[in-house]
Every structure is written in C-alpha cells, then in structure tokens.
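Engineer: Contents are compact mmCIF, C-alpha atoms; file name target-v3.txt:
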```txt
# COMPACT_ATOMS: atom_id res chain seq x y z
CA MET A 1172 21.45 3.87 16.54
CA ARG A 1173 21.08 2.90 12.89
CA ILE A 1174 22.44 5.11 10.17
CA HIS A 1175 20.14 5.42 7.16
CA ILE A 1176 21.68 4.75 3.75
CA PRO A 1177 19.29 5.89 0.97
CA ASN A 1178 18.56 3.73 -2.07
CA GLU A 1179 20.87 4.09 -5.01
CA ILE A 1180 19.21 3.23 -8.30
CA PRO A 1181 21.65 2.89 -11.23
CA ARG A 1182 21.59 5.76 -13.70
CA GLY A 1183 20.71 3.48 -16.63
CA GLU A 1184 17.66 2.15 -14.80
CA ARG A 1185 16.51 5.67 -13.91
CA ILE A 1186 16.87 6.81 -17.54
CA TRP A 1187 15.13 3.69 -18.85
CA ASN A 1188 12.21 4.09 -16.42
CA THR A 1189 11.80 7.78 -17.26
CA VAL A 1190 11.97 7.30 -21.04
CA PHE A 1191 9.65 4.30 -21.01
CA ALA A 1192 7.14 6.06 -18.71
CA VAL A 1193 7.03 9.12 -20.98
CA ALA A 1194 6.71 6.94 -24.10
CA LEU A 1195 3.92 4.84 -22.56
CA PHE A 1196 2.11 7.99 -21.44
CA ALA A 1197 2.37 9.48 -24.94
CA TYR A 1198 1.24 6.24 -26.63
CA GLY A 1199 -1.75 5.84 -24.31
CA SER A 1200 -2.72 9.52 -24.59
CA TYR A 1201 -2.65 9.36 -28.37
CA GLY A 1202 -4.63 6.11 -28.33
CA VAL A 1203 -7.50 7.52 -26.28
CA TRP A 1204 -7.39 10.79 -28.23
CA VAL A 1205 -8.04 8.98 -31.54
CA ASN A 1206 -10.26 6.41 -29.74
CA GLU A 1207 -8.18 3.45 -30.93
CA LEU A 1208 -5.74 2.05 -28.43
CA PHE A 1209 -3.84 -0.89 -29.88
CA ILE A 1210 -2.37 -3.42 -27.46
CA PRO A 1211 0.07 -5.70 -29.28
CA GLY A 1212 -0.07 -9.41 -28.56
CA LYS A 1213 2.80 -11.82 -28.11
CA ARG A 1214 1.07 -14.78 -29.75
CA SER A 1215 -1.75 -12.95 -31.51
CA LYS A 1216 -2.30 -9.96 -33.74
CA GLY A 1217 -3.16 -7.78 -30.74
CA VAL A 1218 -6.29 -6.02 -29.54
CA HIS A 1219 -7.84 -2.74 -30.65
CA LEU A 1220 -9.63 -1.01 -27.78
CA HIS A 1221 -12.25 1.71 -28.18
CA ASP A 1222 -14.35 3.85 -25.82
CA VAL A 1223 -14.59 2.60 -22.20
CA PRO A 1224 -12.14 -0.33 -22.52
CA ALA A 1225 -9.56 2.06 -24.01
CA TRP A 1226 -9.96 4.48 -21.10
CA ILE A 1227 -9.65 1.68 -18.57
CA MET A 1228 -6.48 0.46 -20.31
CA TYR A 1229 -5.21 4.03 -20.25
CA GLY A 1230 -5.67 3.96 -16.47
CA ALA A 1231 -3.56 0.79 -16.35
CA MET A 1232 -0.90 2.52 -18.44
CA LEU A 1233 -0.91 5.51 -16.08
CA CYS A 1234 -0.42 3.13 -13.14
CA ALA A 1235 2.60 1.64 -14.92
CA CYS A 1236 4.01 5.12 -15.56
CA VAL A 1237 3.59 6.17 -11.93
CA VAL A 1238 5.20 2.96 -10.64
CA MET A 1239 8.20 3.41 -12.96
CA LEU A 1240 8.61 7.06 -11.98
CA SER A 1241 8.33 6.22 -8.28
CA VAL A 1242 11.61 4.28 -8.61
CA VAL A 1243 13.26 7.42 -9.97
CA VAL A 1244 11.79 9.62 -7.23
CA ASP A 1245 12.89 7.12 -4.57
CA HIS A 1246 16.49 7.50 -5.73
CA TYR A 1247 16.45 11.25 -5.10
CA ASP A 1248 14.45 11.07 -1.85
CA MET A 1249 17.00 10.86 0.96
CA ARG A 1250 14.47 10.26 3.74
CA PRO A 1251 14.26 6.80 5.34
CA ASN A 1252 10.97 5.81 3.67
CA GLU A 1253 11.92 3.15 1.14
CA ARG A 1254 9.25 0.82 2.47
CA HIS A 1255 6.59 3.38 1.57
CA TYR A 1256 7.84 3.44 -2.02
CA ARG A 1257 7.81 -0.37 -2.14
CA THR A 1258 4.25 -0.45 -0.80
CA PHE A 1259 3.20 2.26 -3.27
CA ALA A 1260 4.73 0.30 -6.15
CA GLN A 1261 3.04 -2.96 -5.09
CA VAL A 1262 -0.38 -1.29 -4.80
CA GLY A 1263 0.18 0.44 -8.14
CA LYS A 1264 1.05 -2.87 -9.79
CA TYR A 1265 -2.07 -4.59 -8.42
CA VAL A 1266 -4.32 -1.71 -9.46
CA GLY A 1267 -2.68 -1.55 -12.90
CA TRP A 1268 -3.01 -5.28 -13.56
CA GLY A 1269 -6.60 -5.15 -12.30
CA LEU A 1270 -7.43 -2.34 -14.71
CA PHE A 1271 -5.66 -4.24 -17.51
CA GLY A 1272 -7.81 -7.31 -16.92
CA LEU A 1273 -10.97 -5.26 -16.52
CA SER A 1274 -10.27 -3.48 -19.79
CA LEU A 1275 -9.87 -6.73 -21.71
CA PHE A 1276 -12.97 -8.17 -20.04
CA CYS A 1277 -14.99 -5.08 -21.02
CA ALA A 1278 -13.67 -5.33 -24.59
CA ILE A 1279 -14.75 -8.98 -24.81
CA VAL A 1280 -18.20 -8.27 -23.36
CA GLN A 1281 -18.65 -5.17 -25.54
CA THR A 1282 -17.81 -7.00 -28.79
CA PRO A 1283 -21.02 -7.99 -30.64
```
Is it possible to give me this structure as structure tokens?
Structural biologist:
Amino acid sequence: MRIHIPNEIPRGERIWNTVFAVALFAYGSYGVWVNELFIPGKRSKGVHLHDVPAWIMYGAMLCACVVMLSVVVDHYDMRPNERHYRTFAQVGKYVGWGLFGLSLFCAIVQTP
C-alpha cells in the first residue's frame, strides 16, 4: 500500500503566483474596460489591442491567472490528485497560448 504525500509548494512561489495572477487580472480587466490593452514587446514597442483582439487576449490572461492559481490550490488540496492539476495546467497553457496567438493574428488582420 502506497502512502500519499501531498505536494508542497514553497511559500514564496505561492505568494508570487497569487500576486502576479491578481495583478494580471487587474491589468487585463482595466485594458478591456478602456478598450486599449497594451502588450509590451521585448524587441519592439509593443502592441495596442482594441475590441475583439483585446477580449481574446484577455481570455489568454485569464487562462494564465487560472493556471497560476491552480498551483496554489494544489498545495492546499491534500487529496491524491496531483496529476489532475498537472493536466489542468497543461490544457490551460495550451488554450492560453492559442488565444494569445489568435489575438495577435486578429489584430494583424484587423489593422487597415
């Protein structure tokens, strides 16, 4: 018989994930509220998204928030279901990156 040992996520990582998820949620919410969601670029000046592309990017941001918070929830969940959290995080990452790409594609197509 195997004894289950629940995941232990370091406190700093849990705090970082929670703070960053709340900040990303607030930034994305404000961006769609004013209909100007700015995505900074590493090697460019960044992208300003409006209307549908902004909402799609907001969906990608929500996926990122949910994935980060799932790590925190997994720490406190003592049941032997870590693989479900890993699967959830992987699916959330794929959906988020898909929405990210779709948003940028829509912004490029929408630009006159």
Engineer: I'd like to know which of A:Leu1233, A:Met1249, A:Ile1227, A:Ala1260 is closest to Gly1272 in chain A, using all atoms listed in the file.
Structural biologist: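 Answer, going by the shortest atom-to-atom distance: A:Ile1227.
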Engineer: Find the residues around Gly1263 in chain A up to 8 Å (all atoms listed in the file counted), leave out those fewer than 6 positions away in its own chain, and share them as a list of chain:residue names.
Structural biologist: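 Contacts, in chain order: A:Cys1234, A:Ala1235, A:Val1237, A:Val1238.
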Engineer: Take the residues that were just selected and, keeping C-alpha atoms, output them as an mmCIF file, keeping the file's coordinate frame.
Structural biologist:
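Ended up saving to again.cif:
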```
data_model
loop_
_atom_site.group_PDB
_atom_site.id
_atom_site.type_symbol
_atom_site.label_atom_id
_atom_site.label_comp_id
_atom_site.auth_asym_id
_atom_site.auth_seq_id
_atom_site.Cartn_x
_atom_site.Cartn_y
_atom_site.Cartn_z
ATOM 1 C CA CYS A 1234 -0.420 3.130 -13.140
ATOM 2 C CA ALA A 1235 2.600 1.640 -14.920
ATOM 3 C CA VAL A 1237 3.590 6.170 -11.930
ATOM 4 C CA VAL A 1238 5.200 2.960 -10.640
#
```
Engineer: For Val1242 in chain A, which residue among A:Arg1214, A:Leu1208, A:Phe1259, A:Gly1230 is the nearest when counting only C-alpha atoms?
Structural biologist: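 The closest residue to Val1242 in chain A is A:Phe1259.
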Engineer: Quick one: residues within 9 Å of Met1228 in chain A, all atoms listed in the file counted, chain neighbours fewer than 2 positions away excluded, as a PyMOL selection string?
Structural biologist: chain A and resi 1199+1208+1220+1223-1226+1230-1233+1267+1270-1275
Engineer: Filtering to C-alpha atoms, could you give me those residues as a CSV table (one decimal), in the coordinates of the input?
Structural biologist:
```
chain,number,residue,atom,x,y,z
A,1199,GLY,CA,-1.8,5.8,-24.3
A,1208,LEU,CA,-5.7,2.0,-28.4
A,1220,LEU,CA,-9.6,-1.0,-27.8
A,1223,VAL,CA,-14.6,2.6,-22.2
A,1224,PRO,CA,-12.1,-0.3,-22.5
A,1225,ALA,CA,-9.6,2.1,-24.0
A,1226,TRP,CA,-10.0,4.5,-21.1
A,1230,GLY,CA,-5.7,4.0,-16.5
A,1231,ALA,CA,-3.6,0.8,-16.4
A,1232,MET,CA,-0.9,2.5,-18.4
A,1233,LEU,CA,-0.9,5.5,-16.1
A,1267,GLY,CA,-2.7,-1.6,-12.9
A,1270,LEU,CA,-7.4,-2.3,-14.7
A,1271,PHE,CA,-5.7,-4.2,-17.5
A,1272,GLY,CA,-7.8,-7.3,-16.9
A,1273,LEU,CA,-11.0,-5.3,-16.5
A,1274,SER,CA,-10.3,-3.5,-19.8
A,1275,LEU,CA,-9.9,-6.7,-21.7
```
Engineer: What's the 12 Å shell around Met1239 in chain A, counting all atoms listed in the file, without same-chain residues fewer than 4 positions away, as an NGL selection string?
Structural biologist: :A and (1180 or 1184-1196 or 1232-1235 or 1243-1246 or 1256-1257 or 1259-1261 or 1263-1264 or 1267)
Engineer: CA of Ser1241 in chain A and CA of Gly1217 in chain A, how far apart in Å?
Structural biologist: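 Distance reported for this atom pair: 28.9 Å.
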Engineer: Mind pulling up the distance from CA of Val1280 in chain A to CA of Tyr1229 in chain A?
Structural biologist: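 Answer for the CA of Tyr1229 in chain A to CA of Val1280 in chain A separation: 18.2 Å.
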Engineer: Could you jot down the CA of Trp1204 in chain A to CA of Ala1278 in chain A separation for me, Å, one decimal place?
Structural biologist: 17.7 Å
Engineer: Write a file for range 1221-1274 of chain A of the given structure; include C-alpha atoms and format it as a PDB file, in the first residue's frame.
Structural biologist:
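Written out: decode36.pdb:
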```pdb
ATOM      1  CA  HIS A1221      -8.711  47.014 -29.207  1.00  0.00           C
ATOM      2  CA  ASP A1222     -12.151  45.389 -29.464  1.00  0.00           C
ATOM      3  CA  VAL A1223     -12.174  41.644 -30.308  1.00  0.00           C
ATOM      4  CA  PRO A1224      -8.381  41.097 -30.208  1.00  0.00           C
ATOM      5  CA  ALA A1225      -8.290  42.713 -26.751  1.00  0.00           C
ATOM      6  CA  TRP A1226     -11.033  40.410 -25.477  1.00  0.00           C
ATOM      7  CA  ILE A1227      -9.285  37.356 -26.887  1.00  0.00           C
ATOM      8  CA  MET A1228      -6.038  38.439 -25.211  1.00  0.00           C
ATOM      9  CA  TYR A1229      -7.989  38.943 -22.002  1.00  0.00           C
ATOM     10  CA  GLY A1230      -9.080  35.302 -22.285  1.00  0.00           C
ATOM     11  CA  ALA A1231      -5.412  34.316 -22.587  1.00  0.00           C
ATOM     12  CA  MET A1232      -4.635  36.379 -19.489  1.00  0.00           C
ATOM     13  CA  LEU A1233      -7.442  34.673 -17.575  1.00  0.00           C
ATOM     14  CA  CYS A1234      -6.008  31.285 -18.569  1.00  0.00           C
ATOM     15  CA  ALA A1235      -2.633  32.372 -17.176  1.00  0.00           C
ATOM     16  CA  CYS A1236      -4.276  33.514 -13.932  1.00  0.00           C
ATOM     17  CA  VAL A1237      -6.153  30.240 -13.507  1.00  0.00           C
ATOM     18  CA  VAL A1238      -3.021  28.168 -14.181  1.00  0.00           C
ATOM     19  CA  MET A1239      -1.018  30.161 -11.621  1.00  0.00           C
ATOM     20  CA  LEU A1240      -3.764  29.881  -9.018  1.00  0.00           C
ATOM     21  CA  SER A1241      -4.133  26.145  -9.635  1.00  0.00           C
ATOM     22  CA  VAL A1242      -0.590  25.708  -8.273  1.00  0.00           C
ATOM     23  CA  VAL A1243      -1.668  27.454  -5.072  1.00  0.00           C
ATOM     24  CA  VAL A1244      -4.856  25.400  -4.783  1.00  0.00           C
ATOM     25  CA  ASP A1245      -2.887  22.182  -5.382  1.00  0.00           C
ATOM     26  CA  HIS A1246      -0.724  22.969  -2.355  1.00  0.00           C
ATOM     27  CA  TYR A1247      -3.740  23.101  -0.049  1.00  0.00           C
ATOM     28  CA  ASP A1248      -5.558  20.137  -1.626  1.00  0.00           C
ATOM     29  CA  MET A1249      -4.486  17.065   0.331  1.00  0.00           C
ATOM     30  CA  ARG A1250      -6.203  14.528  -1.930  1.00  0.00           C
ATOM     31  CA  PRO A1251      -4.061  12.315  -4.188  1.00  0.00           C
ATOM     32  CA  ASN A1252      -4.933  14.128  -7.434  1.00  0.00           C
ATOM     33  CA  GLU A1253      -1.756  15.957  -8.412  1.00  0.00           C
ATOM     34  CA  ARG A1254      -1.910  14.510 -11.913  1.00  0.00           C
ATOM     35  CA  HIS A1255      -5.265  16.200 -12.444  1.00  0.00           C
ATOM     36  CA  TYR A1256      -3.738  19.564 -11.535  1.00  0.00           C
ATOM     37  CA  ARG A1257      -0.836  18.935 -13.926  1.00  0.00           C
ATOM     38  CA  THR A1258      -3.244  18.020 -16.731  1.00  0.00           C
ATOM     39  CA  PHE A1259      -5.379  21.081 -15.954  1.00  0.00           C
ATOM     40  CA  ALA A1260      -2.301  23.326 -16.053  1.00  0.00           C
ATOM     41  CA  GLN A1261      -1.098  21.842 -19.361  1.00  0.00           C
ATOM     42  CA  VAL A1262      -4.509  22.284 -21.006  1.00  0.00           C
ATOM     43  CA  GLY A1263      -4.734  25.820 -19.601  1.00  0.00           C
ATOM     44  CA  LYS A1264      -1.310  26.667 -21.022  1.00  0.00           C
ATOM     45  CA  TYR A1265      -2.206  25.361 -24.487  1.00  0.00           C
ATOM     46  CA  VAL A1266      -5.530  27.197 -24.509  1.00  0.00           C
ATOM     47  CA  GLY A1267      -3.876  30.390 -23.232  1.00  0.00           C
ATOM     48  CA  TRP A1268      -1.092  30.331 -25.820  1.00  0.00           C
ATOM     49  CA  GLY A1269      -3.659  29.547 -28.519  1.00  0.00           C
ATOM     50  CA  LEU A1270      -5.753  32.552 -27.501  1.00  0.00           C
ATOM     51  CA  PHE A1271      -2.603  34.693 -27.378  1.00  0.00           C
ATOM     52  CA  GLY A1272      -1.705  33.762 -30.952  1.00  0.00           C
ATOM     53  CA  LEU A1273      -5.284  34.143 -32.149  1.00  0.00           C
ATOM     54  CA  SER A1274      -5.465  37.602 -30.601  1.00  0.00           C
TER      55      SER A1274
END
```
